[in-house]
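*Asks:* Contents are mmCIF, C-alpha atoms; file name work01.cif:
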```cif
data_input
loop_
_atom_site.label_atom_id
_atom_site.label_comp_id
_atom_site.auth_asym_id
_atom_site.auth_seq_id
_atom_site.Cartn_x
_atom_site.Cartn_y
_atom_site.Cartn_z
CA MET X 309 11.90 48.39 51.59
CA ALA X 310 12.20 44.61 51.64
CA LYS X 311 12.58 42.97 48.30
CA ARG X 312 9.38 41.36 47.08
CA SER X 313 9.52 38.19 45.02
CA ALA X 314 7.86 38.34 41.60
CA PRO X 315 4.23 37.27 41.75
CA GLU X 316 3.48 33.81 40.42
CA VAL X 317 2.04 33.65 36.92
CA ASN X 318 -1.40 32.14 36.84
CA ALA X 319 -1.18 28.87 34.94
CA GLY X 320 -4.88 28.11 35.05
CA SER X 321 -5.45 28.86 31.39
CA MET X 322 -2.53 26.76 30.24
CA ALA X 323 -4.82 23.74 29.82
CA ASP X 324 -7.20 25.74 27.62
CA ILE X 325 -4.38 26.85 25.37
CA ALA X 326 -3.03 23.32 25.09
CA PHE X 327 -6.49 21.97 24.29
CA LEU X 328 -6.89 24.53 21.57
CA LEU X 329 -3.63 23.48 19.96
CA LEU X 330 -4.49 19.82 20.36
CA ILE X 331 -7.82 20.23 18.64
CA PHE X 332 -6.21 22.21 15.85
CA PHE X 333 -3.77 19.37 15.20
CA LEU X 334 -6.49 16.73 15.44
CA VAL X 335 -8.49 18.47 12.75
CA THR X 336 -5.76 19.40 10.27
CA THR X 337 -3.63 16.27 10.33
CA ASP X 338 -3.94 12.71 9.27
CA ILE X 339 -2.14 9.57 10.36
CA ALA X 340 0.39 8.97 7.61
CA THR X 341 -0.17 6.00 5.32
CA ASP X 342 2.90 6.05 3.15
CA SER X 343 3.35 2.39 2.37
CA GLY X 344 1.70 -0.01 0.01
CA LEU X 345 2.10 -2.49 -2.80
CA SER X 346 4.33 -1.00 -5.48
CA ARG X 347 3.67 -2.09 -9.02
CA LYS X 348 4.66 -1.02 -12.47
CA LEU X 349 2.09 -0.68 -15.23
CA PRO X 350 2.90 -1.92 -18.73
CA PRO X 351 3.40 0.91 -21.21
CA TRP X 352 0.48 1.82 -23.42
CA GLU X 353 0.75 0.36 -26.88
CA PRO X 354 -1.47 1.55 -29.67
CA ASP X 355 -3.09 -1.18 -31.70
CA ILE X 356 -0.25 -2.51 -33.76
CA ASP X 357 -0.45 -6.09 -34.87
CA THR X 358 2.26 -7.61 -32.77
CA PRO X 359 2.16 -11.38 -32.82
CA PRO X 360 1.15 -12.65 -29.37
CA VAL X 361 3.95 -14.17 -27.35
CA ILE X 362 3.47 -17.88 -27.14
CA ILE X 363 3.85 -19.29 -23.65
CA LYS X 364 3.46 -22.94 -22.83
CA GLU X 365 0.25 -23.57 -20.98
CA LYS X 366 1.98 -25.28 -18.11
CA ASN X 367 3.99 -22.13 -17.43
CA ILE X 368 0.91 -20.00 -16.80
CA PHE X 369 -0.77 -19.66 -13.44
CA ALA X 370 -3.94 -17.85 -14.44
CA LEU X 371 -6.13 -16.26 -11.80
CA THR X 372 -9.55 -14.86 -12.59
CA LEU X 373 -11.59 -12.86 -10.10
CA ASN X 374 -15.30 -12.69 -10.78
CA SER X 375 -17.92 -10.23 -9.61
CA LYS X 376 -18.70 -12.40 -6.57
CA ASN X 377 -15.07 -12.14 -5.46
CA GLU X 378 -14.39 -15.80 -6.14
CA ILE X 379 -10.94 -16.86 -7.33
CA LEU X 380 -10.68 -19.20 -10.30
CA LEU X 381 -7.28 -20.80 -10.80
CA THR X 382 -6.38 -22.23 -14.21
CA SER X 383 -3.08 -24.04 -14.19
CA GLY X 384 -1.77 -27.10 -15.98
CA GLY X 385 -5.02 -27.60 -17.88
CA ASP X 386 -7.27 -27.69 -14.81
CA SER X 387 -9.60 -25.00 -13.51
CA GLU X 388 -10.83 -24.83 -9.96
CA LEU X 389 -12.15 -22.35 -7.44
CA ILE X 390 -9.64 -21.82 -4.66
CA ALA X 391 -9.78 -20.03 -1.33
CA LEU X 392 -7.70 -16.93 -0.71
CA THR X 393 -5.96 -18.69 2.18
CA ASP X 394 -4.60 -21.38 -0.18
CA LEU X 395 -3.44 -18.96 -2.84
CA ARG X 396 0.05 -18.24 -1.54
CA VAL X 397 0.90 -21.92 -1.03
CA ARG X 398 -0.37 -22.80 -4.50
CA ALA X 399 1.58 -19.95 -6.11
CA VAL X 400 4.80 -20.99 -4.35
CA GLU X 401 4.24 -24.58 -5.47
CA PHE X 402 3.78 -23.39 -9.03
CA LEU X 403 6.82 -21.08 -9.11
CA ASP X 404 9.05 -23.57 -7.35
CA ASN X 405 8.02 -26.58 -9.40
CA GLY X 406 11.07 -26.82 -11.68
CA GLY X 407 9.70 -29.23 -14.27
CA GLY X 408 12.04 -28.06 -17.04
CA GLN X 409 14.30 -30.43 -18.95
CA GLY X 410 17.59 -29.75 -20.71
CA GLU X 411 18.33 -26.04 -21.00
CA ASP X 412 15.11 -25.15 -19.16
CA ALA X 413 16.16 -27.17 -16.13
CA CYS X 414 15.91 -25.30 -12.83
CA ARG X 415 18.75 -25.99 -10.44
CA ARG X 416 17.44 -23.80 -7.65
CA CYS X 417 13.85 -25.08 -7.62
CA LYS X 418 12.82 -27.27 -4.70
CA GLY X 419 9.43 -28.38 -6.09
CA SER X 420 8.16 -31.75 -7.23
CA GLY X 421 9.18 -31.26 -10.87
CA SER X 422 5.70 -32.09 -12.15
CA GLU X 423 5.20 -32.08 -15.90
CA GLN X 424 1.96 -30.15 -15.49
CA SER X 425 3.53 -27.14 -13.83
CA SER X 426 6.20 -24.50 -14.49
CA ASP X 427 9.67 -25.13 -15.96
CA ASN X 428 11.68 -22.62 -13.93
CA PHE X 429 11.47 -19.22 -12.20
CA ILE X 430 12.11 -17.32 -15.41
CA LYS X 431 9.49 -19.15 -17.48
CA ALA X 432 6.74 -19.11 -14.83
CA VAL X 433 4.13 -16.41 -15.43
CA ILE X 434 1.34 -15.47 -13.06
CA SER X 435 -1.57 -13.73 -14.73
CA LEU X 436 -4.45 -11.97 -13.08
CA ALA X 437 -7.71 -10.93 -14.66
CA ASN X 438 -10.52 -9.27 -12.81
CA ASP X 439 -14.10 -8.27 -13.43
CA ARG X 440 -15.21 -4.65 -13.27
CA LEU X 441 -17.41 -5.58 -10.33
CA THR X 442 -14.69 -7.30 -8.31
CA ASN X 443 -14.15 -5.68 -4.92
CA TYR X 444 -10.92 -3.75 -4.49
CA ASN X 445 -10.56 -5.56 -1.18
CA THR X 446 -10.27 -8.95 -2.85
CA TYR X 447 -8.02 -7.58 -5.55
CA ILE X 448 -5.53 -6.20 -3.02
CA SER X 449 -5.59 -9.43 -1.01
CA VAL X 450 -4.79 -11.42 -4.16
CA GLN X 451 -2.00 -9.01 -5.15
CA ASN X 452 -0.65 -9.27 -1.64
CA GLU X 453 -0.62 -13.07 -1.68
CA ILE X 454 1.12 -13.20 -5.06
CA LEU X 455 3.80 -10.76 -3.92
CA GLY X 456 4.01 -12.89 -0.77
CA ALA X 457 4.67 -16.00 -2.85
CA TYR X 458 7.48 -14.27 -4.76
CA ASN X 459 8.92 -13.03 -1.49
CA VAL X 460 8.90 -16.55 -0.01
CA ILE X 461 11.13 -17.76 -2.85
CA ARG X 462 13.28 -14.64 -2.98
CA ASN X 463 13.86 -14.87 0.77
CA ARG X 464 15.00 -18.47 0.43
CA GLU X 465 17.36 -17.73 -2.46
CA PHE X 466 18.75 -14.64 -0.76
CA LYS X 467 19.53 -16.63 2.38
CA LYS X 468 21.12 -19.36 0.33
CA ASP X 469 23.34 -16.99 -1.66
CA TYR X 470 24.33 -14.66 1.16
CA PRO X 471 24.14 -16.74 4.35
CA ASN X 472 26.57 -14.50 6.25
CA LEU X 473 24.25 -11.47 6.03
CA ASN X 474 21.78 -13.15 8.36
CA MET X 475 18.73 -11.58 6.84
CA ASN X 476 16.19 -12.34 4.15
CA PHE X 477 15.22 -10.52 0.98
CA VAL X 478 12.42 -8.48 2.55
CA GLU X 479 14.60 -7.36 5.46
CA ALA X 480 17.42 -6.51 3.07
CA THR X 481 15.05 -4.43 0.94
CA ALA X 482 13.86 -2.56 4.02
CA MET X 483 17.47 -1.94 5.05
CA TYR X 484 18.34 -0.74 1.57
CA GLN X 485 15.45 1.73 1.63
CA ASP X 486 16.31 2.93 5.13
CA LYS X 487 17.97 6.33 4.86
CA SER X 488 20.10 5.75 7.96
CA THR X 489 21.94 2.82 6.37
CA GLU X 490 25.46 3.78 5.33
CA LYS X 491 26.00 4.45 1.66
CA LYS X 492 28.67 1.76 1.30
CA ASP X 493 26.31 -0.88 2.72
CA ARG X 494 23.47 0.27 0.52
CA GLU X 495 25.56 -0.08 -2.62
CA SER X 496 26.51 -3.66 -1.79
CA LEU X 497 22.93 -4.49 -0.80
CA LYS X 498 21.59 -3.07 -4.04
CA GLU X 499 23.87 -5.34 -6.04
CA LYS X 500 22.70 -8.41 -4.12
CA LEU X 501 19.02 -7.45 -4.36
CA GLU X 502 19.30 -6.93 -8.10
CA ALA X 503 21.00 -10.31 -8.48
CA ILE X 504 18.15 -12.06 -6.67
CA LYS X 505 15.58 -10.14 -8.70
CA LEU X 506 17.23 -11.48 -11.86
CA ILE X 507 17.18 -15.05 -10.57
CA VAL X 508 13.54 -14.85 -9.44
CA PRO X 509 11.88 -12.24 -11.67
CA GLN X 510 8.33 -11.15 -11.02
CA LYS X 511 6.57 -12.23 -14.18
CA PHE X 512 3.16 -11.03 -13.29
CA SER X 513 0.78 -9.89 -15.97
CA GLU X 514 -2.59 -8.24 -15.64
CA ALA X 515 -5.26 -8.39 -18.27
CA GLU X 516 -7.62 -5.51 -18.79
CA ALA X 517 -10.82 -5.93 -16.82
CA LYS X 518 -13.65 -7.54 -18.69
CA ARG X 519 -16.68 -5.47 -19.48
CA SER X 520 -19.69 -7.13 -18.02
CA MET T 1242 -19.74 19.89 73.73
CA SER T 1243 -18.47 21.92 70.88
CA LYS T 1244 -15.05 20.47 71.28
CA PHE T 1245 -16.15 17.23 69.72
CA LYS T 1246 -18.26 18.79 67.05
CA LYS T 1247 -18.08 16.83 63.86
CA LYS T 1248 -16.13 18.45 61.08
CA LYS T 1249 -18.39 20.13 58.61
CA ASP T 1250 -19.17 17.71 55.81
CA GLY T 1251 -18.03 19.64 52.77
CA GLY T 1252 -18.54 16.82 50.26
CA LEU T 1253 -15.64 15.58 48.18
CA PRO T 1254 -12.57 17.78 48.03
CA PRO T 1255 -12.06 19.32 44.57
CA ILE T 1256 -9.83 17.31 42.25
CA SER T 1257 -6.60 19.09 41.50
CA THR T 1258 -6.38 20.10 37.87
CA ALA T 1259 -2.80 21.29 38.11
CA SER T 1260 -1.52 18.39 36.00
CA LEU T 1261 -4.17 18.75 33.32
CA PRO T 1262 -1.99 20.97 31.09
CA ASP T 1263 0.81 18.41 31.28
CA ILE T 1264 -1.51 15.62 30.17
CA VAL T 1265 -2.92 17.68 27.32
CA PHE T 1266 0.55 18.74 26.19
CA MET T 1267 1.59 15.12 26.15
CA LEU T 1268 -1.35 14.27 23.87
CA LEU T 1269 -0.55 17.30 21.74
CA PHE T 1270 3.06 16.26 21.21
CA PHE T 1271 1.97 12.72 20.40
CA PHE T 1272 -0.32 13.97 17.66
CA MET T 1273 2.26 16.42 16.34
CA VAL T 1274 4.80 13.63 15.94
CA ALA T 1275 2.57 10.79 14.74
CA THR T 1276 0.54 12.64 12.13
CA VAL T 1277 1.14 14.64 8.99
CA ILE T 1278 -0.77 17.61 7.60
CA LYS T 1279 -3.60 16.44 5.38
CA GLU T 1280 -2.79 16.67 1.69
CA ASP T 1281 -6.33 16.92 0.51
CA ASN T 1282 -9.74 17.34 1.99
CA LEU T 1283 -11.51 14.14 1.13
CA LYS T 1284 -15.00 14.24 -0.30
CA ILE T 1285 -15.17 10.50 -0.57
CA GLN T 1286 -15.02 7.57 1.79
CA ASN T 1287 -11.46 6.36 1.95
CA ASN T 1288 -11.00 3.35 4.15
CA LEU T 1289 -7.86 1.63 2.88
CA PRO T 1290 -7.54 -2.17 2.78
CA LYS T 1291 -4.80 -4.04 4.60
CA ALA T 1292 -1.76 -5.82 3.20
CA ASN T 1293 1.52 -7.07 4.61
CA GLN T 1294 3.90 -7.39 1.65
CA ILE T 1295 4.28 -3.64 1.58
CA GLU T 1296 7.10 -1.28 0.81
CA LYS T 1297 7.55 2.21 2.15
CA LEU T 1298 7.10 5.03 -0.33
CA ASP T 1299 10.23 7.07 -0.81
CA LYS T 1300 9.34 10.54 0.46
CA ASN T 1301 12.22 12.14 -1.44
CA LYS T 1302 10.67 11.25 -4.74
CA PRO T 1303 7.58 13.09 -5.95
CA ILE T 1304 4.24 11.45 -5.15
CA SER T 1305 0.82 12.31 -6.55
CA TYR T 1306 -2.34 11.02 -4.98
CA ILE T 1307 -5.46 9.72 -6.67
CA TYR T 1308 -8.40 8.86 -4.44
CA ILE T 1309 -11.26 6.57 -5.40
CA GLY T 1310 -14.36 5.77 -3.39
CA LYS T 1311 -18.03 6.44 -2.83
CA PRO T 1312 -18.92 10.06 -2.02
CA SER T 1313 -19.13 10.57 1.74
CA ALA T 1314 -22.49 11.14 3.43
CA ASN T 1315 -22.52 14.95 2.97
CA TYR T 1316 -22.00 14.69 -0.77
CA ILE T 1317 -24.39 11.86 -1.67
CA ASP T 1318 -27.07 14.35 -2.69
CA THR T 1319 -24.70 16.07 -5.10
CA TYR T 1320 -22.63 13.23 -6.42
CA GLY T 1321 -24.70 10.06 -5.95
CA THR T 1322 -23.51 6.75 -4.57
CA GLU T 1323 -21.32 5.43 -7.38
CA ASP T 1324 -17.52 5.25 -7.02
CA ARG T 1325 -15.89 8.56 -7.90
CA ILE T 1326 -12.34 9.81 -8.49
CA GLN T 1327 -10.92 12.67 -6.47
CA LEU T 1328 -7.99 14.66 -7.82
CA ASN T 1329 -6.71 17.45 -5.59
CA ASP T 1330 -9.83 18.88 -3.95
CA LYS T 1331 -12.41 18.04 -6.60
CA LEU T 1332 -14.32 14.99 -7.73
CA GLN T 1333 -13.40 14.51 -11.36
CA SER T 1334 -14.17 12.20 -14.24
CA VAL T 1335 -11.77 9.63 -15.69
CA GLU T 1336 -10.94 11.86 -18.67
CA GLN T 1337 -9.35 14.42 -16.37
CA VAL T 1338 -6.73 12.02 -15.00
CA GLN T 1339 -4.35 12.73 -17.87
CA ALA T 1340 -4.65 16.49 -17.39
CA PHE T 1341 -4.04 16.03 -13.66
CA ILE T 1342 -0.84 14.06 -14.26
CA ALA T 1343 0.33 16.68 -16.77
CA ALA T 1344 -0.28 19.42 -14.20
CA GLU T 1345 1.60 17.48 -11.52
CA ARG T 1346 4.52 17.00 -13.88
CA ALA T 1347 4.58 20.67 -14.77
CA ASN T 1348 5.23 21.45 -11.10
CA LEU T 1349 8.27 19.22 -10.96
CA ALA T 1350 11.86 19.78 -11.90
CA GLU T 1351 12.65 18.17 -15.23
CA GLU T 1352 14.91 15.46 -13.81
CA LEU T 1353 12.30 14.34 -11.28
CA VAL T 1354 9.50 13.71 -13.80
CA PRO T 1355 10.37 10.05 -14.50
CA THR T 1356 10.46 9.27 -10.77
CA LEU T 1357 6.89 10.45 -10.16
CA THR T 1358 4.96 7.77 -8.30
CA ILE T 1359 1.17 7.67 -8.32
CA SER T 1360 -0.24 6.63 -4.99
CA LEU T 1361 -3.67 5.09 -5.51
CA LYS T 1362 -5.73 5.44 -2.37
CA VAL T 1363 -8.79 3.35 -3.08
CA ASP T 1364 -11.58 2.62 -0.65
CA LYS T 1365 -11.80 -1.04 0.18
CA GLU T 1366 -15.48 -1.20 -0.71
CA ALA T 1367 -14.83 0.23 -4.18
CA LYS T 1368 -15.29 -1.84 -7.31
CA MET T 1369 -12.45 -2.49 -9.75
CA GLY T 1370 -14.21 -0.78 -12.69
CA VAL T 1371 -13.18 2.81 -11.99
CA LEU T 1372 -9.69 1.78 -10.92
CA THR T 1373 -9.21 -0.13 -14.18
CA ASP T 1374 -10.18 2.97 -16.16
CA VAL T 1375 -7.76 5.10 -14.14
CA LYS T 1376 -4.96 2.61 -14.74
CA GLN T 1377 -5.61 2.74 -18.50
CA GLU T 1378 -5.41 6.54 -18.40
CA LEU T 1379 -2.15 6.37 -16.44
CA ARG T 1380 -0.72 4.01 -19.04
CA LYS T 1381 -1.73 6.37 -21.84
CA THR T 1382 0.04 9.27 -20.19
CA ASN T 1383 3.06 7.08 -19.38
CA ALA T 1384 2.84 7.39 -15.59
CA LEU T 1385 3.72 3.78 -14.91
CA LYS T 1386 5.03 3.76 -11.36
CA ILE T 1387 2.04 3.15 -9.13
CA ASN T 1388 1.54 2.19 -5.54
CA TYR T 1389 -1.63 0.70 -4.12
CA THR T 1390 -1.48 2.44 -0.76
CA THR T 1391 -2.65 0.19 2.05
CA LYS T 1392 -2.60 -0.11 5.78
CA LYS T 1393 -0.31 -2.60 7.43
CA GLY T 1394 -2.18 -5.72 8.45
CA ASP T 1395 -3.19 -9.21 7.48
CA ALA T 1396 -4.60 -9.22 3.96
CA LEU T 1397 -6.61 -12.37 4.67
CA THR T 1398 -8.80 -10.50 7.14
CA ASN T 1399 -9.81 -7.77 4.68
#
```
Represent the supplied structure as structure tokens.
*Replies:*
Amino acid sequence: MAKRSAPEVNAGSMADIAFLLLIFFLVTTDIATDSGLSRKLPPWEPDIDTPPVIIKEKNIFALTLNSKNEILLTSGGDSELIALTDLRVRAVEFLDNGGGQGEDACRRCKGSGSEQSSDNFIKAVISLANDRLTNYNTYISVQNEILGAYNVIRNREFKKDYPNLNMNFVEATAMYQDKSTEKKDRESLKEKLEAIKLIVPQKFSEAEAKRS
Amino acid sequence: MSKFKKKKDGGLPPISTASLPDIVFMLLFFFMVATVIKEDNLKIQNNLPKANQIEKLDKNKPISYIYIGKPSANYIDTYGTEDRIQLNDKLQSVEQVQAFIAAERANLAEELVPTLTISLKVDKEAKMGVLTDVKQELRKTNALKINYTTKKGDALTN
């Protein structure tokens, strides 16, 4: 008897099987959101009478968000409503001012050195207070812009201190966090990142939301 | 003259579906690669805001999720329309946050406890009130590493 070739398998139901799997995955999975703004909360302190730290008024960049999502900026004795789009520029101006004299002098600052604004990176404090009825949306945008302002300055200082690396602070942080970067490189990056963080510390304080 | 008879008009020829499985498999593989299994079934609306100064969360370190938002349409009758907190699969009150963190810590190896990061997934329409309360509870229980989880995008267009 002549040899017969094996009969072809019917592939008509393949599509149905694939659809079934596809729908299963559509239902049980989620697009991963695994990134965001990392912050550290201050530790809880029971009510002990610690004397409040005295900070010169010109070193505070105070932001207040009200229930209508408006941003009030109090800095250098003046208060004004500002737009979200101006916030980053204003914060950079404040941090970079460098108005300090003598031992508070700021050699790295590029600002105008106004007497009404911050002394140096270390002295400059940004504070944020919000209302209980502020939208989370606005809050995150403000947080984002403040982090953005710090990153602008950190990028500049990083490039200045390590010009041969050819990258800025944010890129270096991403490279440091990337698992595929070699261990030796990560160690040296970590050192440099920590150095920049010491030069430009994030002095960012949040007050407890007001009850309204 | 049957020789010149017009061909029978059979309408459109059927579209070949032989490549349909290939297309569906392609979609399937895309979804398998680009998505992760859901951690929790959400009972609240959770549309995250956008930001661009973001850092990736380290997946090797333990992460716990706290969701805040208005109950989704199916649950409005039961839970109302105010912002609520979801821990694991249940809507909980603020007082239960500390117990939740303690339970999460109990599941971890001792040396990993200080590295626990709390990912706050808050709906962009939510008000700050509930989030502020949650943050106070986290401070009380000494879970200080937090991450406001956001989508990547321009924060000015939120």
*Asks:* Determine the nearest neighbour of chain T from the options X:Leu380, X:Ala399, X:Ile390, X:Ala482, counting only C-alpha atoms.
*Replies:*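 Nearest to chain T: X:Ala482.
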*Asks:* For stretch 1288-1295 of chain T, find every residue with an atom within 7 Å (counting only C-alpha atoms), except residues of its own chain fewer than 4 positions away, and show them as a ChimeraX atom specification.
*Replies:* /X:343-345,445,449,452,455-456 /T:1362-1365,1391-1396,1399
*Asks:* Using the selection just defined, write its residues with C-alpha atoms as a PDB file, keeping the file's coordinate frame.
*Replies:*
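The result, stored in result-v5.pdb:
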```pdb
ATOM      1  CA  SER X 343       3.350   2.390   2.370  1.00  0.00           C
ATOM      2  CA  GLY X 344       1.700  -0.010   0.010  1.00  0.00           C
ATOM      3  CA  LEU X 345       2.100  -2.490  -2.800  1.00  0.00           C
ATOM      4  CA  ASN X 445     -10.560  -5.560  -1.180  1.00  0.00           C
ATOM      5  CA  SER X 449      -5.590  -9.430  -1.010  1.00  0.00           C
ATOM      6  CA  ASN X 452      -0.650  -9.270  -1.640  1.00  0.00           C
ATOM      7  CA  LEU X 455       3.800 -10.760  -3.920  1.00  0.00           C
ATOM      8  CA  GLY X 456       4.010 -12.890  -0.770  1.00  0.00           C
TER       9      GLY X 456
ATOM     10  CA  LYS T1362      -5.730   5.440  -2.370  1.00  0.00           C
ATOM     11  CA  VAL T1363      -8.790   3.350  -3.080  1.00  0.00           C
ATOM     12  CA  ASP T1364     -11.580   2.620  -0.650  1.00  0.00           C
ATOM     13  CA  LYS T1365     -11.800  -1.040   0.180  1.00  0.00           C
ATOM     14  CA  THR T1391      -2.650   0.190   2.050  1.00  0.00           C
ATOM     15  CA  LYS T1392      -2.600  -0.110   5.780  1.00  0.00           C
ATOM     16  CA  LYS T1393      -0.310  -2.600   7.430  1.00  0.00           C
ATOM     17  CA  GLY T1394      -2.180  -5.720   8.450  1.00  0.00           C
ATOM     18  CA  ASP T1395      -3.190  -9.210   7.480  1.00  0.00           C
ATOM     19  CA  ALA T1396      -4.600  -9.220   3.960  1.00  0.00           C
ATOM     20  CA  ASN T1399      -9.810  -7.770   4.680  1.00  0.00           C
TER      21      ASN T1399
END
```
*Asks:* Looking at X:Gln424, X:Asn367, X:Asn318, X:Ser346, which one is nearest to T:Glu1296, with distances taken over only C-alpha atoms?
*Replies:*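 Nearest to T:Glu1296: X:Ser346.
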*Asks:* Using only C-alpha atoms, find the residues of chain T whose closest atom to chain X is at most 6 Å away, then write them as a list in words.
*Replies:*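 Listing them in order of chain and number gives Pro1262, Phe1266, Leu1269, Thr1276, Val1277, Ile1278, Lys1279, Gln1294, Ile1295, Glu1296, Lys1297, Leu1298, Lys1365, Ala1367, Lys1368, Met1369, Gly1370, Arg1380, Lys1381, Leu1385, Lys1386, Ile1387, Asn1388, Tyr1389, Thr1390, Thr1391 and Ala1396 of chain T.
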*Asks:* Please identify all polymer residues within 10 Å of T:Ala1314, counting all atoms listed in the file, omitting same-chain residues fewer than 5 positions from it, and present them as a ChimeraX atom specification.
*Replies:* /T:1284-1286,1321-1322
*Asks:* What does the distance between atom CA of X:Phe512 and atom CA of X:Asp355 come to in Å, to one decimal place?
*Replies:*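 Interatomic distance, atom CA of X:Phe512 to atom CA of X:Asp355: 21.8 Å.
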